[in-house]
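J.: Let me begin by handing over the structure; questions about it come next.
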Amino acid sequence: MEVRPDSEGFDRLYVSAPEWDATFEVYGACPVQAFGTARGRDLCFRARQGEWSFDVADGAGHLPSDGFRDSDGFYREGIDPHNGYMPLPEAVAVIAECLRECAGGRAEPVAAPDPARGSVSGDV
């Protein structure tokens, strides 16, 4: 996984995760959001009001959170202790956990990415 800060100084991270065939951008505060693709399907993450959600669209392009839960899409949600102001590296770590689970691996905590190094510290 490679994590790059925005070259123009904006509060945004660009992530490439070839191990999960995923690329996405993470940005914002209240909500923190990420958009991109995983395995050629839309990926969406949002952290707001004490909760986060993560979607990968189904084969028809529908997100499970849009009511398509009985599909081949992927959906997870959890608690955001930052109430919508989740630090961007922490959001990347949550997304990495979800991608690992979506790809069939065990979801387990991962080290937070270090944007200055352009990588993740720890096993991803």
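By convention in this document, the chains of the structure tokens carry letters A, B, ... by their order, each chain's residues are numbered from 1, and ligands are numbered from 1 in the order they are shown.
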Based on DSSP run over this structure's backbone, return all residues of chain A in strand (DSSP E or B), as a PyMOL selection string.

T.: chain A and resi 2-5+12-17+22-27+32-38+41-48+51-56+74-79+113-114+119-120

J.: Can you tell me, as a ChimeraX atom specification, what residues are no more than 7 Å from stretch 64-66 of chain A when counting only C-alpha atoms, ignoring any on the same chain fewer than 3 positions away?

T.: /A:55,57,69,73-75

J.: Using only C-alpha atoms, which of the listed residues (A:Val92, A:Ser53, A:Glu97, A:Gly67) sits closest to A:Ile79?

T.: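 Looking only at the distances to A:Ile79, the closest residue turns out to be A:Ser53.
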
J.: What is the distance, in Å and to one decimal place, between atom CA of A:Cys30 and atom CA of A:Arg100?

T.: 25.2 Å

J.: Hey, which of A:Asp11, A:Glu25, A:Asp72, A:Asp80 ends up closest to A:Gln49? Count only C-alpha atoms.

T.: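 Closest to A:Gln49, using only C-alpha atoms: A:Asp80.
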